[in-house]
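Trainee: The structure is given below, and queries will be raised subsequently.
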Protein chains: 2
Amino acid sequence: MSKSNVLTLTPVETVACCSPLSREPLSQGAADRIAPLLKALADPVRLRLMSLIASHAGGEACVCDLNDAFDLSQPTISHHLKVLHESGLLDREKRGVWVYYRASGDALTGLATLIGNTAP
Amino acid sequence: MSKSNVLTLTPVETVACCSPLSREPLSQGAADRIAPLLKALADPVRLRLMSLIASHAGGEACVCDLNDAFDLSQPTISHHLKVLHESGLLDREKRGVWVYYRASGDALTGLATLIGNTAP
DNA sequence: ACTACACATCGACGTCTGTCAATATTGATG
DNA sequence: CATCAATATTGACAGACGTCGATGTGTAGT
């Protein structure tokens with residue numbers, strides 16, 4: 001990380017210095033808004049679901065593809081997808097009998113920059 | 001040193017274009033290792049604790065400073081700090097009567113790069 | 001030693017969560 | 001219309017979680 005003398009920081013350096021989490025104390029309101037997002041991600045099944053969908057061809061995946069990847073019942077997978085969808089991490093689109101889920105890139109990058117990404 | 005690098009990735013995983021999450025499906029083992037870290041962060045109080053500590057002067061904070069920032073009992077704060085410490089997100093050091101916590105930068109940036117998207 | 005202080009642990013409580021079997025809903029097809 | 005296939009919803013249950021008051025542990029000062 002770059003040398004930080006507060007007096008000589010350019011605007012770019014000010015932003016790039018550290019993650020929002022370590023730049024200033026998070027307000028309670030912000031924490032209350034962000035925690036549910038992390039909570040939605042903080043489950044092994046949902047993590048794998050996000051990864052399966054995000055890495056799938058076309059950036060989207062049908063539920064039928066996802067069910068087979070787990071040793072869990074169909075309602076359980078449906079439940080996890082609902083959690084991810086309602087938290088804003090997954091977009092949902094019904095095409096015919098099938099339902100396709102797509103990762104919301106904004107939500108993911110938002111989380112990453114909050115936690116610690118110093119990427120521009 | 002046991003939990004120092006919970007986010008270890010295979011060589012293949014470390015190379016590529018975008019975040020591990022969207023590059024290839026996460027293995028169950030990886031998901032099982034990463035989810036607890038996110039779970040530790042996925043609470044409003046713990047998010048604010050991490051932020052308070054990480055943004056505090058010197059990168060560390062004494063428990064006495066943290067208790068006053070919340071409307072919660074001292075045992076509750078102690079409990080949350082323990083969760084963050086045992087997950088590897090916080091380092092603990094006792095100096096005299098006081099205990100100082102420090103954010104483990106590695107764990108945070110690891111999580112961020114895992115989640116983050118350098119969209120293709 | 002005794003007291004005061006900083007922090008951790010324990011035990012108990014209500015609430016939230018992950019999972020399943022059973023059932024409902026919706027769309028395609030004969 | 002009747003039926004099947006793909007998802008979602010419901011209800012139930014065990015286990016995990018956040019919180020508190022009470023208590024324990026260790027350190028410093030008198």
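Residue numbers start at 1 in each chain; chains themselves are named A, B, ... in the order of the structure tokens; ligands are numbered from 1 in the order shown.
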Compute the post-superposition RMSD of the C-alpha atoms of chain A relative to chain B, with atoms paired in order and the fit done by least squares.
Mentor: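 After superposition, the RMSD is 8.7 Å.
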Trainee: Write out as a Markdown table the residues of range 6-114 of chain B that have any atom within 8 Å of an atom of range 3-19 of chain C, one row each with the nearest atom pair and its distance in Å to one decimal, counting only C-alpha atoms (C1' of nucleotides), sorted by chain and then rising number.
Mentor:
```
| residue | atom | partner | partner_atom | distance |
| --- | --- | --- | --- | --- |
| B:Cys64 | CA | C:DA6 | C1' | 7.7 |
| B:Pro75 | CA | C:DA8 | C1' | 7.8 |
| B:Ser78 | CA | C:DA8 | C1' | 7.2 |
| B:Val97 | CA | C:DA6 | C1' | 5.8 |
| B:Trp98 | CA | C:DA6 | C1' | 6.2 |
| B:Val99 | CA | C:DC7 | C1' | 7.6 |
```
Trainee: Residues of chain B within 8 Å of chain A, counting only C-alpha atoms, what are they? List them as a ChimeraX atom specification.
Mentor: /B:21-28,31-32,34-39,41-45,47-48,50-56,108-109,111-113,115-117,119
Trainee: For a quick test of understanding: name the residues of chain A lying within 8 Å of chain C when counting only C-alpha atoms (C1' of nucleotides), and present them as a PyMOL selection string.
Mentor: chain A and resi 73+76+96-97
Trainee: As a list in words, list the residues of chain A assigned to strand (DSSP E) by DSSP on the backbone atoms of this structure.
Mentor: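 Those in chain A that DSSP calls strand (DSSP E) are Glu60, Ala61, Cys62, Leu90, Asp91, Arg92, Glu93, Lys94, Arg95, Trp98, Val99, Tyr100, Tyr101, Arg102 and Ala103 of chain A.
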Trainee: May I have the residues from that selection written out with N, CA and C atoms, as a compact mmCIF listing (two decimals), in the first residue's frame?
Mentor:
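Done, and the output landed in again.txt:
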```txt
# COMPACT_ATOMS: atom_id res chain seq x y z
N GLU A 60 -25.36 -17.05 -16.90
CA GLU A 60 -26.63 -17.43 -16.28
C GLU A 60 -26.75 -18.95 -16.25
N ALA A 61 -27.64 -19.43 -15.38
CA ALA A 61 -27.84 -20.87 -15.27
C ALA A 61 -29.30 -21.16 -14.95
N CYS A 62 -29.74 -22.30 -15.47
CA CYS A 62 -31.11 -22.75 -15.22
C CYS A 62 -31.13 -23.57 -13.93
N LEU A 90 -28.85 -12.07 -6.99
CA LEU A 90 -29.20 -12.82 -8.20
C LEU A 90 -30.40 -12.19 -8.88
N ASP A 91 -30.33 -12.12 -10.23
CA ASP A 91 -31.49 -11.72 -11.00
C ASP A 91 -32.19 -12.96 -11.51
N ARG A 92 -33.51 -12.85 -11.65
CA ARG A 92 -34.33 -14.00 -11.99
C ARG A 92 -35.08 -13.73 -13.27
N GLU A 93 -35.09 -14.71 -14.17
CA GLU A 93 -35.87 -14.54 -15.40
C GLU A 93 -36.49 -15.87 -15.77
N LYS A 94 -37.77 -15.86 -16.00
CA LYS A 94 -38.48 -17.09 -16.38
C LYS A 94 -38.61 -17.14 -17.90
N ARG A 95 -38.17 -18.26 -18.46
CA ARG A 95 -38.31 -18.43 -19.91
C ARG A 95 -38.96 -19.78 -20.14
N TRP A 98 -38.65 -22.96 -17.70
CA TRP A 98 -37.41 -22.86 -16.95
C TRP A 98 -37.20 -21.49 -16.36
N VAL A 99 -36.45 -21.47 -15.28
CA VAL A 99 -36.09 -20.21 -14.63
C VAL A 99 -34.58 -20.07 -14.66
N TYR A 100 -34.13 -18.91 -15.11
CA TYR A 100 -32.70 -18.66 -15.21
C TYR A 100 -32.29 -17.62 -14.19
N TYR A 101 -31.18 -17.89 -13.53
CA TYR A 101 -30.64 -16.94 -12.57
C TYR A 101 -29.33 -16.39 -13.11
N ARG A 102 -29.10 -15.11 -12.78
CA ARG A 102 -27.91 -14.42 -13.26
C ARG A 102 -27.33 -13.61 -12.11
N ALA A 103 -26.01 -13.63 -11.96
CA ALA A 103 -25.38 -12.90 -10.87
C ALA A 103 -25.42 -11.40 -11.15
```
Trainee: So the first atom is CA of Ile77 in chain B and the second is C1' of DA14 in chain D; what is the distance between them in Å, to one decimal place?
Mentor: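 Between CA of Ile77 in chain B and C1' of DA14 in chain D the gap works out to 27.6 Å.
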Trainee: Suppose you want the space between CA of Leu81 in chain A and CA of Glu86 in chain B; what is it in Å?
Mentor: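 Taking CA of Leu81 in chain A as the start and CA of Glu86 in chain B as the end point, the length is 29.1 Å.
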Trainee: Determine which residues of range 62-96 of chain B receive a DSSP assignment of helix (DSSP H, G or I), computed from the backbone, and state them as an MDAnalysis selection string.
Mentor: chainID B and resid 63:67 74:86
Trainee: Write a file of the selected residues as a compact mmCIF listing (two decimals), in the first residue's frame, keeping C-alpha atoms.
Mentor:
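Output saved as part-v5.txt:
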```txt
# COMPACT_ATOMS: atom_id res chain seq x y z
CA VAL B 63 -11.98 -3.37 23.97
CA CYS B 64 -12.69 -0.49 26.32
CA ASP B 65 -12.99 1.81 23.31
CA LEU B 66 -15.33 -0.58 21.55
CA ASN B 67 -17.83 -1.24 24.31
CA GLN B 74 -20.04 -6.05 27.60
CA PRO B 75 -20.40 -9.85 27.33
CA THR B 76 -22.13 -9.46 24.01
CA ILE B 77 -19.31 -7.37 22.55
CA SER B 78 -16.83 -9.83 23.96
CA HIS B 79 -18.72 -12.63 22.25
CA HIS B 80 -18.64 -10.90 18.87
CA LEU B 81 -14.93 -10.18 19.21
CA LYS B 82 -14.37 -13.84 19.95
CA VAL B 83 -16.23 -14.85 16.81
CA LEU B 84 -14.15 -12.49 14.69
CA HIS B 85 -10.93 -13.63 16.37
CA GLU B 86 -11.62 -17.34 15.99
```
Trainee: Do you have, as CSV, the list of residues of chain D lying at most 9 Å from chain B, each with its nearest atom pair and that distance in Å to one decimal, counting only C-alpha atoms (C1' of nucleotides) and ordered by chain then number?
Mentor:
```
residue,atom,partner,partner_atom,distance
D:DG18,C1',B:Thr76,CA,8.0
D:DT19,C1',B:Thr76,CA,6.6
D:DC20,C1',B:Ser73,CA,7.3
D:DG26,C1',B:Val97,CA,8.0
D:DT27,C1',B:Val97,CA,5.5
D:DA28,C1',B:Val97,CA,7.8
```
Trainee: Separation of CA of Ser104 in chain B and CA of Gly88 in chain B, in Å?
Mentor: 7.2 Å
